[in-house]
$ cat model.json   # JSON, C-alpha atoms (C1' of nucleotides)
[["chain", "number", "residue", "atom", "x", "y", "z"],
["A", 1, "MET", "CA", 89.55, 27.44, 184.67],
["A", 2, "ASP", "CA", 87.42, 30.16, 186.26],
["A", 3, "GLN", "CA", 86.83, 30.86, 189.93],
["A", 4, "ARG", "CA", 83.73, 28.67, 190.09],
["A", 5, "GLN", "CA", 85.64, 25.67, 188.78],
["A", 6, "ALA", "CA", 88.61, 26.38, 191.02],
["A", 7, "LEU", "CA", 86.34, 26.50, 194.08],
["A", 8, "GLY", "CA", 84.90, 23.12, 193.14],
["A", 9, "ALA", "CA", 88.35, 21.68, 192.58],
["A", 10, "PHE", "CA", 89.66, 22.96, 195.92],
["A", 11, "ALA", "CA", 86.60, 21.58, 197.69],
["A", 12, "ALA", "CA", 87.14, 18.23, 196.00],
["A", 13, "LEU", "CA", 90.78, 18.13, 197.07],
["A", 14, "SER", "CA", 90.09, 19.17, 200.66],
["A", 15, "GLN", "CA", 89.06, 15.69, 201.73],
["A", 16, "GLU", "CA", 91.69, 13.09, 202.57],
["A", 17, "THR", "CA", 90.21, 10.15, 200.67],
["A", 18, "ARG", "CA", 89.67, 12.28, 197.57],
["A", 19, "LEU", "CA", 93.15, 13.78, 197.68],
["A", 20, "GLN", "CA", 94.59, 10.27, 197.90],
["A", 21, "ILE", "CA", 92.48, 9.15, 194.95],
["A", 22, "VAL", "CA", 93.68, 12.01, 192.79],
["A", 23, "ARG", "CA", 97.30, 11.37, 193.66],
["A", 24, "LEU", "CA", 96.95, 7.67, 192.92],
["A", 25, "LEU", "CA", 95.35, 8.46, 189.55],
["A", 26, "VAL", "CA", 98.05, 10.98, 188.66],
["A", 27, "VAL", "CA", 100.68, 8.33, 189.24],
["A", 28, "ALA", "CA", 98.61, 5.64, 187.50],
["A", 29, "GLY", "CA", 98.59, 7.67, 184.30],
["A", 30, "PRO", "CA", 96.35, 7.24, 181.24],
["A", 31, "ASP", "CA", 95.56, 3.61, 182.14],
["A", 32, "GLY", "CA", 93.80, 4.79, 185.25],
["A", 33, "MET", "CA", 92.47, 2.55, 188.00],
["A", 34, "ALA", "CA", 89.21, 0.71, 188.65],
["A", 35, "ALA", "CA", 86.93, 1.86, 191.47],
["A", 36, "GLY", "CA", 87.49, -1.39, 193.33],
["A", 37, "ALA", "CA", 91.26, -1.15, 193.12],
["A", 38, "LEU", "CA", 91.09, 2.41, 194.45],
["A", 39, "ALA", "CA", 88.82, 1.31, 197.30],
["A", 40, "GLU", "CA", 91.34, -1.34, 198.28],
["A", 41, "LYS", "CA", 94.30, 1.05, 198.11],
["A", 42, "VAL", "CA", 92.73, 3.76, 200.25],
["A", 43, "GLU", "CA", 90.93, 1.24, 202.45],
["A", 44, "VAL", "CA", 87.34, 2.44, 202.30],
["A", 45, "SER", "CA", 84.08, 0.71, 201.43],
["A", 46, "PRO", "CA", 82.90, 0.41, 197.80],
["A", 47, "SER", "CA", 79.96, 2.69, 198.51],
["A", 48, "ASN", "CA", 82.19, 5.26, 200.11],
["A", 49, "ILE", "CA", 84.71, 5.34, 197.28],
["A", 50, "SER", "CA", 81.86, 5.61, 194.83],
["A", 51, "PHE", "CA", 80.59, 8.68, 196.67],
["A", 52, "HIS", "CA", 83.99, 10.38, 196.54],
["A", 53, "LEU", "CA", 84.62, 9.38, 192.92],
["A", 54, "LYS", "CA", 81.33, 11.02, 191.97],
["A", 55, "GLU", "CA", 82.39, 14.21, 193.72],
["A", 56, "LEU", "CA", 85.75, 14.24, 191.95],
["A", 57, "GLU", "CA", 84.14, 13.50, 188.61],
["A", 58, "HIS", "CA", 81.64, 16.29, 189.15],
["A", 59, "SER", "CA", 84.49, 18.69, 189.91],
["A", 60, "GLY", "CA", 86.10, 17.72, 186.60],
["A", 61, "LEU", "CA", 89.35, 16.50, 188.15],
["A", 62, "ILE", "CA", 88.83, 12.91, 187.06],
["A", 63, "ALA", "CA", 86.95, 11.05, 184.32],
["A", 64, "ALA", "CA", 85.19, 7.68, 184.23],
["A", 65, "GLN", "CA", 84.70, 5.05, 181.57],
["A", 66, "ARG", "CA", 83.23, 1.60, 181.81],
["A", 67, "GLN", "CA", 85.42, -1.30, 180.80],
["A", 68, "SER", "CA", 83.58, -4.56, 181.08],
["A", 69, "ARG", "CA", 82.38, -4.94, 184.66],
["A", 70, "SER", "CA", 84.79, -2.38, 186.04],
["A", 71, "ILE", "CA", 84.65, 1.37, 185.85],
["A", 72, "ILE", "CA", 88.03, 2.89, 185.15],
["A", 73, "TYR", "CA", 88.86, 6.30, 186.54],
["A", 74, "THR", "CA", 91.60, 8.53, 185.16],
["A", 75, "ALA", "CA", 93.06, 11.87, 186.24],
["A", 76, "ASN", "CA", 92.12, 14.85, 184.12],
["A", 77, "TYR", "CA", 95.53, 16.38, 183.54],
["A", 78, "GLU", "CA", 94.11, 19.40, 181.81],
["A", 79, "ALA", "CA", 91.96, 20.28, 184.82],
["A", 80, "LEU", "CA", 94.81, 19.71, 187.27],
["A", 81, "GLY", "CA", 97.12, 21.84, 185.17],
["A", 82, "GLY", "CA", 94.41, 24.49, 184.98],
["A", 83, "LEU", "CA", 94.19, 24.56, 188.76],
["A", 84, "VAL", "CA", 97.95, 25.02, 189.12],
["A", 85, "ARG", "CA", 97.70, 27.80, 186.60],
["A", 86, "PHE", "CA", 94.81, 29.43, 188.46],
["A", 87, "LEU", "CA", 96.77, 29.37, 191.71],
["A", 88, "MET", "CA", 99.73, 31.06, 190.07],
["A", 89, "GLU", "CA", 97.84, 33.41, 187.79],
["A", 90, "ASP", "CA", 98.29, 36.58, 189.79],
["A", 91, "CYS", "CA", 101.79, 35.98, 191.00],
["A", 92, "CYS", "CA", 103.41, 37.53, 187.98],
["A", 93, "SER", "CA", 101.69, 40.83, 188.56],
["A", 94, "GLY", "CA", 104.44, 41.88, 190.90],
["A", 95, "HIS", "CA", 105.24, 38.90, 193.06],
["A", 96, "PRO", "CA", 107.03, 36.09, 191.25],
["A", 97, "GLU", "CA", 108.01, 34.38, 194.50],
["A", 98, "ILE", "CA", 105.02, 32.08, 194.20],
["A", 99, "CYS", "CA", 106.10, 30.91, 190.79],
["A", 100, "ALA", "CA", 109.58, 29.94, 191.91],
["A", 101, "PRO", "CA", 108.69, 26.55, 193.43],
["A", 102, "ALA", "CA", 106.49, 25.83, 190.45],
["A", 103, "ALA", "CA", 109.25, 26.62, 188.03],
["A", 104, "GLU", "CA", 111.53, 24.41, 190.06],
["A", 105, "VAL", "CA", 109.25, 21.41, 189.68],
["A", 106, "ALA", "CA", 108.39, 22.26, 186.10],
["A", 107, "ALA", "CA", 112.08, 22.26, 185.27],
["A", 108, "CYS", "CA", 112.26, 18.49, 185.66],
["A", 109, "CYS", "CA", 109.97, 18.00, 182.70],
["A", 110, "ALA", "CA", 111.16, 21.04, 180.82],
["A", 111, "PRO", "CA", 111.30, 19.42, 177.37],
["A", 112, "THR", "CA", 107.61, 18.56, 177.38],
["A", 113, "ALA", "CA", 106.76, 21.83, 179.03],
["A", 114, "LYS", "CA", 108.67, 23.70, 176.36],
["A", 115, "GLU", "CA", 106.85, 21.85, 173.61],
["A", 116, "ASN", "CA", 103.49, 22.79, 175.07],
["A", 117, "LEU", "CA", 104.58, 26.38, 175.31],
["A", 118, "GLN", "CA", 104.39, 27.04, 171.59],
["B", 1, "MET", "CA", 104.32, 20.98, 202.55],
["B", 2, "ASP", "CA", 102.98, 17.55, 203.56],
["B", 3, "GLN", "CA", 99.56, 16.07, 202.93],
["B", 4, "ARG", "CA", 98.11, 17.36, 206.19],
["B", 5, "GLN", "CA", 99.06, 20.93, 205.34],
["B", 6, "ALA", "CA", 97.86, 20.55, 201.76],
["B", 7, "LEU", "CA", 94.49, 19.30, 202.96],
["B", 8, "GLY", "CA", 94.18, 22.34, 205.21],
["B", 9, "ALA", "CA", 95.19, 24.67, 202.42],
["B", 10, "PHE", "CA", 92.71, 23.15, 199.98],
["B", 11, "ALA", "CA", 89.95, 23.36, 202.58],
["B", 12, "ALA", "CA", 90.83, 27.00, 203.18],
["B", 13, "LEU", "CA", 90.69, 27.79, 199.47],
["B", 14, "SER", "CA", 87.43, 25.96, 198.88],
["B", 15, "GLN", "CA", 85.31, 28.82, 200.19],
["B", 16, "GLU", "CA", 84.48, 31.77, 197.96],
["B", 17, "THR", "CA", 85.17, 34.55, 200.45],
["B", 18, "ARG", "CA", 88.48, 33.00, 201.45],
["B", 19, "LEU", "CA", 89.59, 32.40, 197.87],
["B", 20, "GLN", "CA", 88.83, 36.06, 197.11],
["B", 21, "ILE", "CA", 90.81, 37.16, 200.15],
["B", 22, "VAL", "CA", 93.85, 35.15, 199.13],
["B", 23, "ARG", "CA", 93.73, 36.46, 195.59],
["B", 24, "LEU", "CA", 93.42, 40.03, 196.82],
["B", 25, "LEU", "CA", 96.39, 39.55, 199.15],
["B", 26, "VAL", "CA", 98.51, 37.98, 196.42],
["B", 27, "VAL", "CA", 97.93, 41.04, 194.26],
["B", 28, "ALA", "CA", 98.39, 43.41, 197.19],
["B", 29, "GLY", "CA", 101.90, 42.11, 197.77],
["B", 30, "PRO", "CA", 104.10, 42.56, 200.84],
["B", 31, "ASP", "CA", 102.18, 45.64, 201.98],
["B", 32, "GLY", "CA", 99.12, 43.47, 202.51],
["B", 33, "MET", "CA", 95.68, 44.77, 203.38],
["B", 34, "ALA", "CA", 93.81, 45.62, 206.58],
["B", 35, "ALA", "CA", 90.92, 43.41, 207.69],
["B", 36, "GLY", "CA", 88.50, 46.28, 207.21],
["B", 37, "ALA", "CA", 89.67, 47.00, 203.68],
["B", 38, "LEU", "CA", 89.26, 43.32, 202.81],
["B", 39, "ALA", "CA", 85.77, 43.26, 204.31],
["B", 40, "GLU", "CA", 84.80, 46.22, 202.15],
["B", 41, "LYS", "CA", 86.26, 44.69, 198.98],
["B", 42, "VAL", "CA", 84.56, 41.33, 199.35],
["B", 43, "GLU", "CA", 81.43, 42.86, 200.87],
["B", 44, "VAL", "CA", 81.01, 40.88, 204.06],
["B", 45, "SER", "CA", 80.62, 41.89, 207.70],
["B", 46, "PRO", "CA", 83.66, 42.57, 209.90],
["B", 47, "SER", "CA", 82.90, 39.56, 212.05],
["B", 48, "ASN", "CA", 82.55, 37.36, 209.01],
["B", 49, "ILE", "CA", 85.81, 38.42, 207.43],
["B", 50, "SER", "CA", 87.50, 37.95, 210.78],
["B", 51, "PHE", "CA", 86.25, 34.38, 210.88],
["B", 52, "HIS", "CA", 87.61, 33.62, 207.43],
["B", 53, "LEU", "CA", 90.89, 35.42, 208.06],
["B", 54, "LYS", "CA", 91.40, 33.23, 211.14],
["B", 55, "GLU", "CA", 90.82, 30.12, 209.05],
["B", 56, "LEU", "CA", 93.29, 31.26, 206.42],
["B", 57, "GLU", "CA", 95.85, 32.21, 209.02],
["B", 58, "HIS", "CA", 95.44, 28.85, 210.70],
["B", 59, "SER", "CA", 96.02, 27.11, 207.37],
["B", 60, "GLY", "CA", 99.25, 29.05, 207.00],
["B", 61, "LEU", "CA", 98.28, 30.70, 203.72],
["B", 62, "ILE", "CA", 98.27, 34.20, 205.19],
["B", 63, "ALA", "CA", 99.91, 36.03, 208.08],
["B", 64, "ALA", "CA", 98.72, 38.84, 210.37],
["B", 65, "GLN", "CA", 100.43, 41.72, 212.10],
["B", 66, "ARG", "CA", 98.96, 44.58, 214.03],
["B", 67, "GLN", "CA", 99.72, 48.08, 212.81],
["B", 68, "SER", "CA", 98.17, 50.68, 215.07],
["B", 69, "ARG", "CA", 94.42, 50.05, 215.17],
["B", 70, "SER", "CA", 94.40, 47.96, 212.03],
["B", 71, "ILE", "CA", 95.50, 44.39, 211.53],
["B", 72, "ILE", "CA", 97.36, 43.90, 208.30],
["B", 73, "TYR", "CA", 97.13, 40.58, 206.50],
["B", 74, "THR", "CA", 99.64, 39.41, 203.92],
["B", 75, "ALA", "CA", 99.82, 36.40, 201.63],
["B", 76, "ASN", "CA", 102.32, 33.71, 202.59],
["B", 77, "TYR", "CA", 104.07, 33.21, 199.28],
["B", 78, "GLU", "CA", 106.10, 30.32, 200.56],
["B", 79, "ALA", "CA", 102.99, 28.36, 201.54],
["B", 80, "LEU", "CA", 101.23, 29.14, 198.26],
["B", 81, "GLY", "CA", 104.30, 28.07, 196.32],
["B", 82, "GLY", "CA", 104.48, 24.94, 198.42],
["B", 83, "LEU", "CA", 100.91, 24.09, 197.53],
["B", 84, "VAL", "CA", 101.59, 24.49, 193.82],
["B", 85, "ARG", "CA", 104.59, 22.27, 194.27],
["B", 86, "PHE", "CA", 102.55, 19.65, 196.14],
["B", 87, "LEU", "CA", 99.96, 19.56, 193.36],
["B", 88, "MET", "CA", 102.64, 19.00, 190.74],
["B", 89, "GLU", "CA", 104.90, 16.73, 192.75],
["B", 90, "ASP", "CA", 103.87, 13.46, 191.14],
["B", 91, "CYS", "CA", 103.49, 14.69, 187.61],
["B", 92, "CYS", "CA", 107.09, 14.17, 186.70],
["B", 93, "SER", "CA", 106.90, 10.48, 187.53],
["B", 94, "GLY", "CA", 105.60, 9.72, 184.09],
["B", 95, "HIS", "CA", 103.06, 12.36, 183.23],
["B", 96, "PRO", "CA", 104.52, 15.80, 182.64],
["B", 97, "GLU", "CA", 101.32, 17.10, 181.09],
["B", 98, "ILE", "CA", 100.29, 18.62, 184.40],
["B", 99, "CYS", "CA", 103.48, 20.61, 184.64],
["B", 100, "ALA", "CA", 103.08, 22.17, 181.23],
["B", 101, "PRO", "CA", 100.61, 24.89, 182.23],
["B", 102, "ALA", "CA", 102.67, 25.58, 185.32],
["B", 103, "ALA", "CA", 105.84, 25.93, 183.30],
["B", 104, "GLU", "CA", 103.99, 28.24, 180.96],
["B", 105, "VAL", "CA", 103.01, 30.60, 183.78],
["B", 106, "ALA", "CA", 106.36, 30.23, 185.51],
["B", 107, "ALA", "CA", 108.07, 31.28, 182.29],
["B", 108, "CYS", "CA", 106.81, 34.85, 182.69],
["B", 109, "CYS", "CA", 108.91, 35.34, 185.79],
["B", 110, "ALA", "CA", 111.69, 33.04, 184.77],
["B", 111, "PRO", "CA", 114.57, 35.28, 185.95],
["B", 112, "THR", "CA", 113.43, 35.22, 189.56],
["B", 113, "ALA", "CA", 112.49, 31.58, 189.32],
["B", 114, "LYS", "CA", 115.93, 30.74, 188.00],
["B", 115, "GLU", "CA", 117.60, 32.60, 190.86],
["B", 116, "ASN", "CA", 115.61, 30.59, 193.39],
["B", 117, "LEU", "CA", 116.53, 27.38, 191.65],
["B", 118, "GLN", "CA", 120.14, 27.33, 192.82],
["C", 1, "DT", "C1'", 89.42, 58.79, 231.37],
["C", 2, "DC", "C1'", 85.86, 58.72, 227.82],
["C", 3, "DA", "C1'", 84.45, 57.83, 223.37],
["C", 4, "DA", "C1'", 85.35, 56.27, 218.72],
["C", 5, "DT", "C1'", 87.60, 53.12, 215.62],
["C", 6, "DA", "C1'", 89.08, 48.55, 214.14],
["C", 7, "DC", "C1'", 88.78, 43.92, 214.96],
["C", 8, "DT", "C1'", 87.94, 39.60, 217.41],
["C", 9, "DT", "C1'", 85.33, 36.19, 220.10],
["C", 10, "DA", "C1'", 81.35, 33.60, 221.54],
["C", 11, "DA", "C1'", 76.97, 31.46, 221.01],
["C", 12, "DA", "C1'", 73.14, 29.78, 218.26],
["C", 13, "DG", "C1'", 71.08, 28.59, 214.08],
["C", 14, "DG", "C1'", 70.76, 26.61, 209.65],
["C", 15, "DA", "C1'", 73.08, 24.45, 205.81],
["C", 16, "DT", "C1'", 76.24, 21.28, 203.80],
["C", 17, "DG", "C1'", 79.16, 17.23, 203.80],
["C", 18, "DA", "C1'", 80.65, 12.45, 205.20],
["C", 19, "DT", "C1'", 79.71, 7.68, 206.54],
["C", 20, "DT", "C1'", 77.09, 3.51, 206.79],
["C", 21, "DG", "C1'", 74.25, -0.28, 205.44],
["C", 22, "DA", "C1'", 70.73, -2.00, 202.44],
["C", 23, "DA", "C1'", 68.78, -2.26, 198.01],
["C", 24, "DA", "C1'", 69.36, -1.54, 192.98],
["C", 25, "DT", "C1'", 71.76, -1.67, 188.37],
["C", 26, "DA", "C1'", 74.97, -3.45, 184.84],
["C", 27, "DT", "C1'", 78.01, -6.93, 182.96],
["C", 28, "DG", "C1'", 79.87, -11.52, 181.98],
["C", 29, "DG", "C1'", 79.95, -16.41, 182.35],
["C", 30, "DA", "C1'", 77.80, -21.14, 183.59],
["D", 1, "DT", "C1'", 68.04, -17.66, 182.62],
["D", 2, "DC", "C1'", 70.55, -17.62, 186.95],
["D", 3, "DC", "C1'", 74.32, -16.38, 189.66],
["D", 4, "DA", "C1'", 78.47, -13.81, 190.85],
["D", 5, "DT", "C1'", 81.07, -9.65, 190.34],
["D", 6, "DA", "C1'", 81.66, -4.63, 190.28],
["D", 7, "DT", "C1'", 79.82, -0.56, 191.25],
["D", 8, "DT", "C1'", 76.14, 2.81, 192.18],
["D", 9, "DT", "C1'", 72.14, 4.83, 194.52],
["D", 10, "DC", "C1'", 69.30, 5.79, 198.44],
["D", 11, "DA", "C1'", 68.06, 7.02, 203.10],
["D", 12, "DA", "C1'", 69.36, 8.02, 207.70],
["D", 13, "DT", "C1'", 72.51, 9.65, 210.93],
["D", 14, "DC", "C1'", 76.19, 12.31, 212.57],
["D", 15, "DA", "C1'", 79.64, 15.77, 212.14],
["D", 16, "DT", "C1'", 81.43, 20.02, 210.32],
["D", 17, "DC", "C1'", 81.13, 24.47, 208.40],
["D", 18, "DC", "C1'", 79.06, 29.13, 207.58],
["D", 19, "DT", "C1'", 76.45, 33.07, 209.00],
["D", 20, "DT", "C1'", 74.58, 36.27, 212.19],
["D", 21, "DT", "C1'", 74.10, 38.99, 216.26],
["D", 22, "DA", "C1'", 75.80, 40.64, 220.47],
["D", 23, "DA", "C1'", 79.36, 41.42, 223.50],
["D", 24, "DG", "C1'", 84.39, 41.92, 224.26],
["D", 25, "DT", "C1'", 89.35, 43.67, 223.51],
["D", 26, "DA", "C1'", 92.92, 46.84, 221.77],
["D", 27, "DT", "C1'", 94.37, 51.32, 220.17],
["D", 28, "DT", "C1'", 94.14, 56.22, 219.42],
["D", 29, "DG", "C1'", 92.88, 60.97, 220.19],
["D", 30, "DA", "C1'", 90.05, 64.53, 222.67]]

$ encode --input "model.json" --output "structure tokens"
Amino acid sequence: MDQRQALGAFAALSQETRLQIVRLLVVAGPDGMAAGALAEKVEVSPSNISFHLKELEHSGLIAAQRQSRSIIYTANYEALGGLVRFLMEDCCSGHPEICAPAAEVAACCAPTAKENLQ
Amino acid sequence: MDQRQALGAFAALSQETRLQIVRLLVVAGPDGMAAGALAEKVEVSPSNISFHLKELEHSGLIAAQRQSRSIIYTANYEALGGLVRFLMEDCCSGHPEICAPAAEVAACCAPTAKENLQ
DNA sequence: TCAATACTTAAAGGATGATTGAAATATGGA
DNA sequence: TCCATATTTCAATCATCCTTTAAGTATTGA
């Protein structure tokens, strides 16, 4: 994740509907959610959700795949993790305070995190 | 950090000049940097940097304090940490993949992180 | 108190982003 | 093939954000 990508990701997340979408997809997991289901959950029109889904897809935070008549959207965990990493990147060069809350949250899934560390 | 604050923080970070400012201040540490020094580093006009500094301050990501003729800006580590935490909050409810990169970075300053965990 | 330094504020513009409704595309079943 | 479903695209409008220039405030030293 470079600065250009991070800027795009921050822009994508700076809109209420889009932030809600991402959070719903993170919770939904690998199964994802259809555009229509998302529209219902966040209570916006089909055309509006489509607009925001395009933006999120373009930013790389989510991915789309057609499944019959529906289009299923899923969170891109790699991109989200990359963004967290980007935000924390500089903190170790002298100021670990930023990392503390991250470490706190990361601790809850330490086993997996540890695995991915190797 | 609630959703309203996160939205503001993401909006603040979604602009190149502001993202640069925050990253400079994170590296600068508790000493911070004067508005003029920041303007020189990111190569924008005084009035322009002032505009962006106001936005960042309003979002809570940075703080200001006058010191003689200069105004010194510092990163708000608590807010930045809170944002990281917000981004990762849902990942543990089933999908720890997001936390992995965070844990990786957090590991480098583990001692401090551990202290703050209690 | 006057002038210089360091910033901020205000106003005006141009650019970008969001919302809406209507029309278009893709898929599956009768 | 025809219709219904699910979603996207397009065009128009409105709102918001960014940049610039000019004027204003605060602080220091002569």

$ residues_near_point --input "model.json" --point "(74.5, 9.7, 191.5)" --cutoff "9 Å" --atoms "all atoms listed in the file" --output "list in words"
Phe51 and Lys54 of chain A; DT8 and DT9 of chain D

$ residues_around --input "model.json" --residues "DA12 (chain D)" --least-positions-apart "5" --cutoff "12 Å" --atoms "all atoms listed in the file" --output "PyMOL selection string"
chain C and resi 19-22

$ interface_residues --input "model.json" --of "chain C" --to "chain A" --cutoff "8 Å" --atoms "only C-alpha atoms (C1' of nucleotides)" --output "ChimeraX atom specification"
/C:19,26-28

$ closest_atom_pairs --input "model.json" --of "chain D" --to "chain B" --cutoff "8 Å" --atoms "all atoms listed in the file" --output "Markdown table"
| residue | atom | partner | partner_atom | distance |
| --- | --- | --- | --- | --- |
| D:DT19 | C1' | B:Asn48 | CA | 7.5 |
| D:DA26 | C1' | B:Arg69 | CA | 7.5 |
| D:DT27 | C1' | B:Arg69 | CA | 5.2 |
| D:DT28 | C1' | B:Arg69 | CA | 7.5 |

$ write_last_selection --input "model.json" --atoms "C-alpha atoms (C1' of nucleotides)" --output "PDB file, keeping the file's coordinate frame"
ATOM      1  C1'  DT D  19      76.450  33.070 209.000  1.00  0.00           C
ATOM      2  C1'  DA D  26      92.920  46.840 221.770  1.00  0.00           C
ATOM      3  C1'  DT D  27      94.370  51.320 220.170  1.00  0.00           C
ATOM      4  C1'  DT D  28      94.140  56.220 219.420  1.00  0.00           C
TER       5       DT D  28
END

$ residues_around --input "model.json" --residues "DA4 (chain D)" --least-positions-apart "2" --cutoff "10 Å" --atoms "only C-alpha atoms (C1' of nucleotides)" --output "PDB file with C-alpha atoms (C1' of nucleotides), in the frame of the given file"
ATOM      1  C1'  DG C  28      79.870 -11.520 181.980  1.00  0.00           C
ATOM      2  C1'  DG C  29      79.950 -16.410 182.350  1.00  0.00           C
TER       3       DG C  29
ATOM      4  C1'  DC D   2      70.550 -17.620 186.950  1.00  0.00           C
ATOM      5  C1'  DA D   6      81.660  -4.630 190.280  1.00  0.00           C
TER       6       DA D   6
END

$ residues_around --input "model.json" --residues "Gln20 (chain A)" --least-positions-apart "4" --cutoff "10 Å" --atoms "only C-alpha atoms (C1' of nucleotides)" --output "ChimeraX atom specification"
/A:13,15-16,24-26,38,41-42 /B:3

$ closest_residue --input "model.json" --among "B:Asp31, B:Met88, B:Tyr77, B:Leu19" --to "Ala6 (chain A)" --atoms "all atoms listed in the file"
B:Leu19

$ residues_near_point --input "model.json" --point "(79.0, 26.3, 201.2)" --cutoff "8 Å" --atoms "all atoms listed in the file" --output "NGL selection string"
(:B and (15)) or (:C and (15-16)) or (:D and (17-18))

$ closest_residue --input "model.json" --among "B:Glu57, B:Ala28, B:Gly81, B:Phe86" --to "chain A" --atoms "all atoms listed in the file"
B:Gly81

$ closest_residue --input "model.json" --among "A:Ile72, A:Met1, A:Ala11, A:Ala64" --to "Arg85 (chain A)" --atoms "all atoms listed in the file"
A:Met1

$ residues_around --input "model.json" --residues "His58 (chain A)" --least-positions-apart "2" --cutoff "12 Å" --atoms "all atoms listed in the file" --output "CSV table (one decimal) with C-alpha atoms, in the frame of the given file"
chain,number,residue,atom,x,y,z
A,5,GLN,CA,85.6,25.7,188.8
A,8,GLY,CA,84.9,23.1,193.1
A,9,ALA,CA,88.4,21.7,192.6
A,11,ALA,CA,86.6,21.6,197.7
A,12,ALA,CA,87.1,18.2,196.0
A,51,PHE,CA,80.6,8.7,196.7
A,52,HIS,CA,84.0,10.4,196.5
A,53,LEU,CA,84.6,9.4,192.9
A,54,LYS,CA,81.3,11.0,192.0
A,55,GLU,CA,82.4,14.2,193.7
A,56,LEU,CA,85.8,14.2,192.0
A,60,GLY,CA,86.1,17.7,186.6
A,61,LEU,CA,89.4,16.5,188.2
A,62,ILE,CA,88.8,12.9,187.1
A,63,ALA,CA,87.0,11.0,184.3
A,64,ALA,CA,85.2,7.7,184.2
A,76,ASN,CA,92.1,14.8,184.1
A,79,ALA,CA,92.0,20.3,184.8

$ atom_distance --input "model.json" --atom1 "CA of Ile71 (chain B)" --atom2 "C1' of DA22 (chain D)"
22.0 Å

$ atom_distance --input "model.json" --atom1 "C1' of DC14 (chain D)" --atom2 "CA of Ala37 (chain A)"
28.0 Å

$ atom_distance --input "model.json" --atom1 "CA of Glu78 (chain B)" --atom2 "CA of Ala35 (chain B)"
21.3 Å

$ closest_residue --input "model.json" --among "B:Val22, B:Asp2, B:Phe10, B:Pro46" --to "chain A" --atoms "all atoms listed in the file"
B:Phe10

$ axis_aligned_box --input "model.json" --around "region 70-77 of chain A" --padding-each-side "4 Å" --output "JSON"
{"center_x": 90.1, "center_y": 7.0, "center_z": 185.0, "size_x": 18.9, "size_y": 26.8, "size_z": 11.0}

$ build_atoms --input "model.json" --residues "region 6-16 of chain A" --atoms "N, CA, C and O atoms" --output "PDB file, in the frame of the given file"
ATOM      1  N   ALA A   6      87.516  26.489 190.050  1.00  0.00           N
ATOM      2  CA  ALA A   6      88.610  26.380 191.020  1.00  0.00           C
ATOM      3  C   ALA A   6      88.053  26.078 192.409  1.00  0.00           C
ATOM      4  O   ALA A   6      88.581  25.224 193.123  1.00  0.00           O
ATOM      5  N   LEU A   7      86.976  26.742 192.783  1.00  0.00           N
ATOM      6  CA  LEU A   7      86.340  26.500 194.080  1.00  0.00           C
ATOM      7  C   LEU A   7      85.940  25.031 194.202  1.00  0.00           C
ATOM      8  O   LEU A   7      86.185  24.391 195.227  1.00  0.00           O
ATOM      9  N   GLY A   8      85.317  24.522 193.150  1.00  0.00           N
ATOM     10  CA  GLY A   8      84.900  23.120 193.140  1.00  0.00           C
ATOM     11  C   GLY A   8      86.088  22.185 193.264  1.00  0.00           C
ATOM     12  O   GLY A   8      86.035  21.201 194.000  1.00  0.00           O
ATOM     13  N   ALA A   9      87.154  22.522 192.545  1.00  0.00           N
ATOM     14  CA  ALA A   9      88.350  21.680 192.580  1.00  0.00           C
ATOM     15  C   ALA A   9      88.980  21.694 193.970  1.00  0.00           C
ATOM     16  O   ALA A   9      89.362  20.643 194.497  1.00  0.00           O
ATOM     17  N   PHE A  10      89.073  22.870 194.572  1.00  0.00           N
ATOM     18  CA  PHE A  10      89.660  22.960 195.920  1.00  0.00           C
ATOM     19  C   PHE A  10      88.807  22.182 196.915  1.00  0.00           C
ATOM     20  O   PHE A  10      89.337  21.478 197.776  1.00  0.00           O
ATOM     21  N   ALA A  11      87.497  22.310 196.801  1.00  0.00           N
ATOM     22  CA  ALA A  11      86.600  21.580 197.690  1.00  0.00           C
ATOM     23  C   ALA A  11      86.807  20.073 197.523  1.00  0.00           C
ATOM     24  O   ALA A  11      86.852  19.325 198.504  1.00  0.00           O
ATOM     25  N   ALA A  12      86.944  19.658 196.275  1.00  0.00           N
ATOM     26  CA  ALA A  12      87.140  18.230 196.000  1.00  0.00           C
ATOM     27  C   ALA A  12      88.437  17.731 196.625  1.00  0.00           C
ATOM     28  O   ALA A  12      88.497  16.632 197.169  1.00  0.00           O
ATOM     29  N   LEU A  13      89.463  18.549 196.578  1.00  0.00           N
ATOM     30  CA  LEU A  13      90.780  18.130 197.070  1.00  0.00           C
ATOM     31  C   LEU A  13      90.940  18.300 198.577  1.00  0.00           C
ATOM     32  O   LEU A  13      91.952  17.907 199.137  1.00  0.00           O
ATOM     33  N   SER A  14      89.945  18.871 199.232  1.00  0.00           N
ATOM     34  CA  SER A  14      90.090  19.170 200.660  1.00  0.00           C
ATOM     35  C   SER A  14      89.613  18.019 201.537  1.00  0.00           C
ATOM     36  O   SER A  14      89.351  18.207 202.717  1.00  0.00           O
ATOM     37  N   GLN A  15      89.510  16.854 200.958  1.00  0.00           N
ATOM     38  CA  GLN A  15      89.060  15.690 201.730  1.00  0.00           C
ATOM     39  C   GLN A  15      90.105  14.590 201.522  1.00  0.00           C
ATOM     40  O   GLN A  15      90.509  14.311 200.395  1.00  0.00           O
ATOM     41  N   GLU A  16      90.535  13.994 202.622  1.00  0.00           N
ATOM     42  CA  GLU A  16      91.690  13.090 202.570  1.00  0.00           C
ATOM     43  C   GLU A  16      91.543  11.970 201.539  1.00  0.00           C
ATOM     44  O   GLU A  16      92.434  11.752 200.724  1.00  0.00           O
TER      45      GLU A  16
END
